[in-house]
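Content type compact mmCIF, C-alpha atoms, from the file work26.txt:
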# COMPACT_ATOMS: atom_id res chain seq x y z
CA MET N 14 32.05 -10.80 -73.90
CA PRO N 15 33.97 -13.05 -71.49
CA VAL N 16 36.25 -10.11 -70.72
CA ASN N 17 33.32 -8.07 -69.36
CA ALA N 18 31.75 -10.84 -67.23
CA PRO N 19 33.62 -10.16 -63.94
CA GLY N 20 32.49 -6.54 -63.91
CA GLY N 21 28.89 -7.60 -64.42
CA GLU N 22 29.09 -10.05 -61.55
CA CYS N 23 30.47 -7.31 -59.27
CA ARG N 24 27.66 -4.97 -60.20
CA HIS N 25 25.11 -7.73 -59.58
CA HIS N 26 26.70 -8.59 -56.22
CA SER N 27 26.78 -4.92 -55.21
CA GLY N 28 23.12 -4.52 -56.13
CA ALA N 29 22.18 -7.58 -54.08
CA LEU N 30 24.05 -6.20 -51.09
CA GLN N 31 22.38 -2.83 -51.51
CA HIS N 32 18.95 -4.47 -51.70
CA LYS N 33 19.70 -6.55 -48.60
CA GLY N 34 20.87 -3.43 -46.77
CA ILE N 35 17.64 -1.65 -47.61
CA GLN N 36 15.68 -4.63 -46.33
CA MET N 37 17.66 -4.60 -43.06
CA ILE N 38 17.03 -0.87 -42.64
CA ARG N 39 13.33 -1.37 -43.25
CA LEU N 40 13.27 -4.23 -40.73
CA ALA N 41 15.10 -2.09 -38.17
CA ILE N 42 12.64 0.77 -38.71
CA LEU N 43 9.74 -1.67 -38.30
CA ILE N 44 11.21 -3.07 -35.07
CA VAL N 45 11.84 0.42 -33.69
CA GLY N 46 8.32 1.44 -34.65
CA ILE N 47 6.76 -1.56 -32.95
CA ALA N 48 8.89 -0.95 -29.85
CA ALA N 49 7.82 2.70 -29.79
CA ILE N 50 4.16 1.70 -30.07
CA LEU N 51 4.55 -0.86 -27.28
CA LEU N 52 6.36 1.66 -25.09
CA ALA N 53 3.66 4.26 -25.70
CA ALA N 54 0.96 1.68 -24.89
CA MET N 55 2.75 0.79 -21.66
CA GLN N 56 2.92 4.45 -20.67
CA VAL N 57 -0.79 4.91 -21.37
CA TRP N 58 -1.46 1.78 -19.28
CA ARG N 59 0.70 3.10 -16.42
CA LEU N 60 -0.93 6.54 -16.59
CA SER N 61 -4.36 4.90 -16.44
CA ASP N 62 -3.23 3.17 -13.21
CA ARG N 63 -2.19 6.53 -11.78
CA TRP N 64 -5.45 8.15 -12.84
CA MET N 65 -7.49 5.36 -11.22
CA ALA N 66 -5.53 5.60 -7.94
CA GLY N 67 -5.98 9.37 -7.97
CA ALA N 68 -9.72 9.04 -8.57
CA VAL N 69 -10.12 6.70 -5.58
CA TRP N 70 -7.92 9.05 -3.50
CA ARG N 71 -10.30 11.94 -4.23
CA GLN N 72 -13.30 9.72 -3.52
CA LEU N 73 -11.92 8.84 -0.08
CA ALA N 74 -10.97 12.45 0.72
CA ALA N 75 -14.62 13.39 0.24
CA PHE N 76 -15.56 11.33 3.32
CA ALA N 77 -13.97 13.96 5.58
CA SER N 78 -16.46 15.91 7.68
CA ALA N 79 -15.94 19.61 8.39
CA ASP N 80 -18.27 19.58 11.41
CA ALA N 81 -17.13 16.40 13.18
CA PRO N 82 -17.44 16.41 16.99
CA ARG N 83 -14.51 16.88 19.33
CA PHE N 84 -13.11 14.11 21.46
CA ASP N 85 -14.59 13.78 24.92
CA PRO N 86 -13.36 10.99 27.23
CA ALA N 87 -17.03 10.39 28.08
CA MET N 88 -17.27 8.75 24.62
CA LEU N 89 -15.26 5.84 26.04
CA ALA N 90 -17.85 4.75 28.58
CA GLY N 91 -18.35 1.01 28.57
CA LEU N 92 -15.16 0.14 26.67
CA PRO N 93 -12.67 -2.39 28.10
CA ASP N 94 -9.80 -0.86 30.04
CA PRO N 95 -7.08 -1.44 27.38
CA ALA N 96 -9.26 0.37 24.82
CA ILE N 97 -9.89 3.29 27.19
CA ARG N 98 -6.15 3.63 27.79
CA TYR N 99 -5.48 3.40 24.05
CA PHE N 100 -7.88 6.22 23.14
CA THR N 101 -6.82 8.36 26.11
CA TYR N 102 -3.21 8.11 24.96
CA THR N 103 -3.75 8.62 21.23
CA ILE N 104 -6.40 11.42 21.22
CA ARG N 105 -6.15 14.61 23.25
CA PRO N 106 -9.43 15.86 24.79
CA GLY N 107 -11.04 18.47 22.57
CA THR N 108 -9.40 17.22 19.37
CA ARG N 109 -11.60 17.43 16.28
CA LEU N 110 -12.34 13.83 15.33
CA SER N 111 -11.38 12.74 11.83
CA ASN N 112 -11.24 9.35 10.17
CA VAL N 113 -9.44 10.66 7.05
CA ALA N 114 -5.66 11.11 7.21
CA THR N 115 -2.97 11.74 4.63
CA ILE N 116 0.35 10.20 5.58
CA THR N 117 3.84 10.60 4.14
CA MET N 118 6.55 8.09 4.92
CA ARG N 119 9.94 6.73 4.00
CA GLY N 120 11.79 3.59 4.89
CA ASP N 121 12.53 0.17 3.44
CA PHE N 122 10.39 -2.21 1.42
CA ALA N 123 11.53 -5.78 0.83
CA LEU N 124 11.11 -7.50 -2.52
CA GLY N 125 12.65 -10.74 -1.31
CA ASP N 126 12.02 -13.18 1.50
CA ARG N 127 13.27 -13.83 5.02
CA GLN N 128 16.50 -15.41 3.78
CA ALA N 129 17.24 -12.68 1.21
CA PRO N 130 15.09 -9.59 2.01
CA ASN N 131 16.46 -7.35 -0.76
CA TYR N 132 15.33 -4.17 1.02
CA LEU N 133 14.91 -1.13 -1.21
CA PRO N 134 14.74 2.47 0.02
CA MET N 135 11.13 3.57 -0.15
CA GLN N 136 9.07 6.75 -0.17
CA ALA N 137 5.27 6.76 -0.08
CA ARG N 138 2.17 8.82 0.51
CA GLN N 139 -1.17 7.49 1.59
CA ILE N 140 -4.76 8.44 2.24
CA LEU N 141 -6.37 6.36 4.96
CA ALA N 142 -10.14 6.68 5.42
CA PRO N 143 -11.54 3.80 7.51
CA PRO N 144 -13.91 2.09 7.04
CA ASN N 145 -14.16 3.25 3.43
CA GLY N 146 -10.69 2.43 2.15
CA PHE N 147 -7.15 3.62 1.50
CA VAL N 148 -4.70 4.37 -1.31
CA TRP N 149 -0.95 3.88 -0.86
CA ILE N 150 1.32 5.30 -3.59
CA MET N 151 4.95 4.15 -3.38
CA SER N 152 8.26 4.40 -5.18
CA ALA N 153 11.25 2.31 -4.13
CA GLY N 154 14.79 1.55 -5.21
CA LYS N 155 17.36 3.46 -7.20
CA GLY N 156 19.19 3.22 -10.51
CA LEU N 157 18.02 0.29 -12.59
CA MET N 158 16.29 -1.25 -9.57
CA ARG N 159 13.27 1.06 -9.28
CA VAL N 160 9.69 0.05 -8.58
CA SER N 161 6.66 2.34 -8.33
CA GLY N 162 2.92 2.00 -8.20
CA SER N 163 0.02 1.81 -5.78
CA ASP N 164 -1.91 -0.45 -3.50
CA GLY N 165 -5.39 0.20 -2.19
CA GLY N 166 -9.08 -0.39 -2.16
CA ALA N 167 -12.50 1.11 -1.60
CA GLY N 168 -15.42 -1.19 -1.00
CA ALA N 169 -15.28 -4.23 -3.28
CA GLN N 170 -12.68 -2.53 -5.51
CA SER N 171 -9.06 -3.33 -4.66
CA TRP N 172 -5.75 -3.53 -6.46
CA THR N 173 -1.98 -3.99 -6.25
CA ARG N 174 -0.24 -2.49 -9.31
CA PHE N 175 3.49 -1.84 -9.52
CA TRP N 176 5.88 -1.08 -12.37
CA ALA N 177 9.62 -1.54 -12.84
CA LEU N 178 11.43 1.50 -14.23
CA GLY N 179 8.03 3.05 -14.92
CA THR N 180 7.71 0.78 -17.96
CA LEU N 181 7.28 -2.91 -17.12
CA PRO N 182 4.38 -4.24 -15.03
CA VAL N 183 5.82 -6.42 -12.25
CA ALA N 184 2.77 -6.88 -10.01
CA ARG N 185 -0.87 -6.69 -11.06
CA THR N 186 -3.35 -8.32 -8.75
CA GLY N 187 -6.72 -7.42 -7.34
CA GLN N 188 -10.33 -7.07 -8.40
CA SER N 189 -11.20 -10.30 -6.59
CA ALA N 190 -13.09 -11.10 -3.39
CA ASP N 191 -9.93 -12.58 -1.86
CA HIS N 192 -7.82 -9.50 -2.58
CA ALA N 193 -10.55 -7.12 -1.36
CA ARG N 194 -10.81 -9.07 1.92
CA SER N 195 -7.05 -8.88 2.43
CA THR N 196 -7.07 -5.16 1.62
CA PHE N 197 -9.84 -4.52 4.15
CA ALA N 198 -7.74 -6.29 6.79
CA ARG N 199 -4.78 -4.02 6.13
CA MET N 200 -7.00 -0.95 6.43
CA ALA N 201 -8.41 -2.15 9.76
CA ALA N 202 -4.93 -2.63 11.23
CA GLU N 203 -3.71 0.75 9.98
CA ALA N 204 -6.79 2.42 11.44
CA LEU N 205 -5.54 1.37 14.88
CA ILE N 206 -2.12 2.83 14.09
CA TRP N 207 -2.98 6.16 12.43
CA THR N 208 -6.72 6.97 12.60
CA PRO N 209 -7.92 6.06 16.11
CA ALA N 210 -11.01 8.29 15.79
CA ALA N 211 -12.37 5.86 13.18
CA LEU N 212 -12.55 3.15 15.86
CA LEU N 213 -14.45 5.02 18.58
CA PRO N 214 -17.73 3.36 19.61
CA GLY N 215 -20.27 3.43 16.83
CA PRO N 216 -21.93 1.33 14.11
CA GLY N 217 -19.69 -1.48 12.86
CA ILE N 218 -17.26 -1.18 15.80
CA ASN N 219 -17.05 -3.75 18.59
CA TRP N 220 -14.42 -3.85 21.35
CA GLN N 221 -13.63 -6.82 23.60
CA ALA N 222 -10.98 -7.24 26.30
CA VAL N 223 -8.40 -10.01 26.07
CA ASP N 224 -6.45 -9.28 29.24
CA ARG N 225 -5.11 -6.29 31.16
CA ASP N 226 -3.08 -4.92 28.24
CA ARG N 227 -4.79 -6.37 25.17
CA ALA N 228 -8.10 -5.78 23.45
CA ILE N 229 -9.66 -6.78 20.16
CA VAL N 230 -11.57 -4.39 17.95
CA THR N 231 -13.78 -5.85 15.21
CA LEU N 232 -14.51 -3.59 12.26
CA SER N 233 -17.50 -4.44 10.05
CA HIS N 234 -18.33 -2.60 6.83
CA GLY N 235 -19.71 -3.41 3.39
CA GLY N 236 -19.85 -7.15 4.01
CA PHE N 237 -16.28 -7.34 5.37
CA VAL N 238 -15.43 -8.18 8.98
CA GLN N 239 -11.94 -7.96 10.46
CA ALA N 240 -10.76 -8.39 14.05
CA VAL N 241 -7.48 -6.78 15.12
CA GLU N 242 -5.76 -7.18 18.48
CA ILE N 243 -3.91 -4.25 20.02
CA THR N 244 -1.44 -4.35 22.90
CA VAL N 245 -0.88 -1.24 25.03
CA ASN N 246 1.58 -0.44 27.81
CA ALA N 247 0.71 0.95 31.23
CA ASP N 248 0.30 4.46 29.81
CA GLY N 249 -1.98 3.28 27.02
CA GLN N 250 0.65 3.65 24.31
CA PRO N 251 -0.01 1.01 21.62
CA VAL N 252 3.08 -1.15 21.14
CA GLN N 253 1.85 -3.70 18.62
CA VAL N 254 -1.10 -4.74 16.48
CA ARG N 255 -1.82 -8.28 15.37
CA MET N 256 -4.50 -10.05 13.34
CA ASP N 257 -5.27 -13.15 11.34
CA ARG N 258 -5.22 -11.75 7.81
CA TRP N 259 -6.64 -13.36 4.68
CA SER N 260 -3.50 -13.57 2.55
CA ASP N 261 -1.69 -15.52 -0.16
CA ALA N 262 1.75 -14.40 1.06
CA ASN N 263 2.88 -17.95 1.71
CA ALA N 264 4.83 -20.71 0.01
CA ASP N 265 1.68 -22.20 -1.52
CA LYS N 266 0.46 -18.81 -2.88
CA THR N 267 -2.96 -19.77 -1.56
CA TYR N 268 -5.32 -17.44 0.29
CA ARG N 269 -5.83 -18.40 3.92
CA GLU N 270 -5.82 -16.78 7.34
CA GLN N 271 -2.34 -16.29 8.74
CA PRO N 272 -0.74 -14.06 11.38
CA PHE N 273 0.13 -10.52 10.36
CA GLY N 274 1.25 -7.72 12.62
CA ALA N 275 3.44 -4.75 13.41
CA THR N 276 5.44 -3.18 16.21
CA LEU N 277 4.90 0.53 16.89
CA SER N 278 7.36 3.08 18.32
CA GLU N 279 8.67 6.66 18.17
CA PHE N 280 5.40 8.47 18.87
CA ARG N 281 4.76 12.09 17.89
CA GLU N 282 1.79 14.41 18.10
CA PHE N 283 -0.06 15.44 14.95
CA GLY N 284 -2.85 17.96 15.54
CA GLY N 285 -4.05 16.44 18.79
CA TYR N 286 -3.31 12.82 17.90
CA ARG N 287 -0.32 11.01 19.41
CA LEU N 288 0.72 8.36 16.89
CA ALA N 289 3.50 5.95 16.02
CA THR N 290 6.02 7.10 13.43
CA ARG N 291 8.08 3.90 13.33
CA ILE N 292 6.33 0.81 11.98
CA ASP N 293 7.85 -2.63 11.37
CA ALA N 294 5.31 -5.01 9.84
CA GLY N 295 5.17 -8.38 8.18
CA ASN N 296 3.61 -11.76 7.71
CA PHE N 297 3.64 -14.60 10.28
CA PHE N 298 3.93 -12.04 13.09
CA GLY N 299 4.73 -13.67 16.42
CA THR N 300 6.11 -16.85 14.85
CA SER N 301 9.59 -18.05 13.90
CA ASP N 302 8.73 -17.27 10.27
CA TYR N 303 8.08 -13.58 10.92
CA PHE N 304 9.61 -11.35 8.27
CA PRO N 305 9.21 -7.53 8.53
CA PHE N 306 9.05 -6.70 4.82
CA PHE N 307 7.74 -3.20 5.61
CA ARG N 308 9.86 -0.83 7.72
CA ALA N 309 8.52 2.70 7.65
CA GLU N 310 9.26 6.06 9.24
CA VAL N 311 6.32 8.46 9.10
CA THR N 312 7.35 12.03 8.36
CA ASP N 313 3.93 13.71 8.47
CA ILE N 314 0.25 13.01 9.15
CA ARG N 315 -2.52 15.46 8.36
CA PHE N 316 -6.18 15.03 9.20
CA ALA N 317 -8.95 16.20 6.90
CA GLY N 318 -11.83 18.23 8.27
CA ARG N 319 -9.84 19.74 11.16
CA ASP N 320 -9.97 23.39 12.15
Go through the file and emit its structure as structure tokens.
Amino acid sequence: MPVNAPGGECRHHSGALQHKGIQMIRLAILIVGIAAILLAAMQVWRLSDRWMAGAVWRQLAAFASADAPRFDPAMLAGLPDPAIRYFTYTIRPGTRLSNVATITMRGDFALGDRQAPNYLPMQARQILAPPNGFVWIMSAGKGLMRVSGSDGGAGAQSWTRFWALGTLPVARTGQSADHARSTFARMAAEALIWTPAALLPGPGINWQAVDRDRAIVTLSHGGFVQAVEITVNADGQPVQVRMDRWSDANADKTYREQPFGATLSEFREFGGYRLATRIDAGNFFGTSDYFPFFRAEVTDIRFAGRD
């Protein structure tokens, strides 16, 4: 019996190792399974974000009117001189008026701050339908540094939802009164840049002169009110927009009014509208803390409801 003991111990040790190996394999399969389930859940979550943005996009597109009037300079009667020059420059007489535009753009989007901007190459498409809302769908970066998602709002609904590598949520804010107010402010400013017809005299629109080259338009809709200042040159070409925007883009991460603005350049004509295709925008506009986190080049603008 003692002679056979070592062999028995070897067989016992081998069996223990085999059992432990099976346990490790089972654990690995369990981990892989859980990871696969989590990955699938993330993809469903991301696809639901895309579906929601698409649904709001279609909702906003439906605001386009097929029988909108054409622009007549007589519509500008009573406006302050900077506003008259602005509309005369941006809308050709006889142009079918539309407040719904789809915009494609490229450029740079910063994920960092003024000291370390970390600009990423960006491509985006947008529907802008003042005063009802907008949807901006963006992808930025390359390689392992890729971010995609959307930003937008319609009425009291608003969101900012972005994903890293199409898998990990890196920004999910919105669905609050503060965020909706900030989103409305962005829409009001972009209306001045890309959909001037939406700011012609009418309900919820009020223009006031500041000086010879500046005017303020106040847009009111759905309980939101936002004033935006525009500066034009002698020809009426808008060169910058500025506003006090409700924002938490500050060191305290607290919502408050703070300067936001953009410079406009490189104008082109799109179906009767003469609009800026180069936009540099950021927080604390006009101060020493200004940081243009958004630098865009518009490649196309199309207006819904046109002939």
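Across the structure, atom CA of Ile97 of chain N and atom CA of Gly284 of chain N are spaced 20.0 Å apart.
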Review point. Within 10 Å of Tyr268 of chain N, counting only C-alpha atoms, which residues qualify if same-chain residues fewer than 3 places away don't, as a list in words?
Key: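 Final neighbour list, sorted by chain and number: Asp191, His192, Ser195, Arg258, Trp259, Ser260, Asp261, Ala262, Asn263, Asp265 and Gln271 of chain N.
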Output file for the residues above (C-alpha atoms, as a PDB file, in the frame of the given file):
ATOM      1  CA  ASP N 191      -9.930 -12.580  -1.860  1.00  0.00           C
ATOM      2  CA  HIS N 192      -7.820  -9.500  -2.580  1.00  0.00           C
ATOM      3  CA  SER N 195      -7.050  -8.880   2.430  1.00  0.00           C
ATOM      4  CA  ARG N 258      -5.220 -11.750   7.810  1.00  0.00           C
ATOM      5  CA  TRP N 259      -6.640 -13.360   4.680  1.00  0.00           C
ATOM      6  CA  SER N 260      -3.500 -13.570   2.550  1.00  0.00           C
ATOM      7  CA  ASP N 261      -1.690 -15.520  -0.160  1.00  0.00           C
ATOM      8  CA  ALA N 262       1.750 -14.400   1.060  1.00  0.00           C
ATOM      9  CA  ASN N 263       2.880 -17.950   1.710  1.00  0.00           C
ATOM     10  CA  ASP N 265       1.680 -22.200  -1.520  1.00  0.00           C
ATOM     11  CA  GLN N 271      -2.340 -16.290   8.740  1.00  0.00           C
TER      12      GLN N 271
END
In Å and to one decimal, atom CA of Arg281 of chain N is distant from atom CA of Ser111 of chain N by 17.3 Å
Let me have the centre and edge lengths in Å, one decimal, of the box along x, y and z around every listed atom of segment 181-200 of chain N with 8 Å of margin on each side, as lines of an AutoDock Vina configuration file.
center_x = -2.9
center_y = -6.8
center_z = -5.2
size_x = 36.4
size_y = 27.6
size_z = 39.9
Where does segment 49-146 of chain N meet segment 159-177 of chain N within 9 Å, residue by residue, with the nearest atom pair and distance in Å to one decimal for each, counting all atoms listed in the file, listed by chain and rising number, as a tab-separated table?
residue	atom	partner	partner_atom	distance
N:Arg59	CA	N:Trp176	CA	7.8
N:Asp62	CA	N:Arg174	CA	7.5
N:Arg63	CA	N:Gly162	CA	7.7
N:Ala66	CA	N:Ser163	CA	7.1
N:Val69	CA	N:Ala167	CA	7.3
N:Gln72	CA	N:Ala167	CA	8.9
N:Leu73	CA	N:Ala167	CA	7.9
N:Leu133	CA	N:Arg159	CA	8.5
N:Pro144	CA	N:Ala167	CA	8.8
N:Asn145	CA	N:Ala167	CA	5.7
N:Gly146	CA	N:Ala167	CA	4.4
Segment 127-211 of chain N residues near segment 229-251 of chain N within 10 Å, closest pair each, using all atoms listed in the file, as JSON lines:
{"residue": "N:Pro143", "atom": "CA", "partner": "N:Leu232", "partner_atom": "CA", "distance": 9.3}
{"residue": "N:Pro144", "atom": "CA", "partner": "N:His234", "partner_atom": "CA", "distance": 6.4}
{"residue": "N:Asn145", "atom": "CA", "partner": "N:His234", "partner_atom": "CA", "distance": 7.9}
{"residue": "N:Ala167", "atom": "CA", "partner": "N:Gly235", "partner_atom": "CA", "distance": 9.9}
{"residue": "N:Gly168", "atom": "CA", "partner": "N:Gly235", "partner_atom": "CA", "distance": 6.5}
{"residue": "N:Ala169", "atom": "CA", "partner": "N:Gly235", "partner_atom": "CA", "distance": 8.0}
{"residue": "N:Ala193", "atom": "CA", "partner": "N:Phe237", "partner_atom": "CA", "distance": 8.8}
{"residue": "N:Arg194", "atom": "CA", "partner": "N:Phe237", "partner_atom": "CA", "distance": 6.7}
{"residue": "N:Ser195", "atom": "CA", "partner": "N:Gln239", "partner_atom": "CA", "distance": 9.4}
{"residue": "N:Phe197", "atom": "CA", "partner": "N:Phe237", "partner_atom": "CA", "distance": 7.1}
{"residue": "N:Ala198", "atom": "CA", "partner": "N:Gln239", "partner_atom": "CA", "distance": 5.8}
{"residue": "N:Arg199", "atom": "CA", "partner": "N:Gln239", "partner_atom": "CA", "distance": 9.2}
{"residue": "N:Met200", "atom": "CA", "partner": "N:Gln239", "partner_atom": "CA", "distance": 9.5}
{"residue": "N:Ala201", "atom": "CA", "partner": "N:Leu232", "partner_atom": "CA", "distance": 6.7}
{"residue": "N:Ala202", "atom": "CA", "partner": "N:Val241", "partner_atom": "CA", "distance": 6.2}
{"residue": "N:Glu203", "atom": "CA", "partner": "N:Val241", "partner_atom": "CA", "distance": 9.9}
{"residue": "N:Ala204", "atom": "CA", "partner": "N:Leu232", "partner_atom": "CA", "distance": 9.8}
{"residue": "N:Leu205", "atom": "CA", "partner": "N:Ile243", "partner_atom": "CA", "distance": 7.8}
{"residue": "N:Ile206", "atom": "CA", "partner": "N:Pro251", "partner_atom": "CA", "distance": 8.0}
{"residue": "N:Ala211", "atom": "CA", "partner": "N:Leu232", "partner_atom": "CA", "distance": 9.7}
| task | Go ahead and compute the interatomic distance for atom CA of Val183 of chain N and atom CA of Gly120 of chain N, in Å to one decimal. | result |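 Atom-to-atom, atom CA of Val183 of chain N and atom CA of Gly120 of chain N are spaced 20.7 Å apart.
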Counting only C-alpha atoms, the residue among N:Gly215, N:Pro272, N:Gly156, N:Pro106 that lies closest to Arg287 of chain N is N:Pro106
Within 8 Å of file point (-5.2, 7.2, -5.0), counting only C-alpha atoms, expressed as a VMD selection string
chain N and resid 63 to 71 139 to 140 147 to 150 163 165
- [ ] For Phe76 of chain N, list every protein, DNA or RNA residue within 9 Å, evaluated using all atoms listed in the file, and leave out those in the same chain fewer than 6 positions away; present the list as an NGL selection string.
- [x] :N and (112-113 or 142 or 145 or 317)
Q. Out of N:Met135, N:Val254, N:Leu157, N:Ala264, which residue has the shortest atom-to-atom distance to Ile292 of chain N when counting only C-alpha atoms?
A.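 For Ile292 of chain N, the nearest of the candidates is N:Val254.
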- Proximity to Met88 of chain N - best of N:Pro214, N:Phe306, N:Arg119, N:Gln221, only C-alpha atoms: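 So, comparing all the options, the nearest one is N:Pro214.
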Item to complete: Counting only C-alpha atoms, note down every residue that has an atom within 10 Å of the point (9.8, -2.8, 0.1) (file coordinates), as number ranges by chain.
Response: N: 120-125, 130-136, 151-154, 160, 305-309
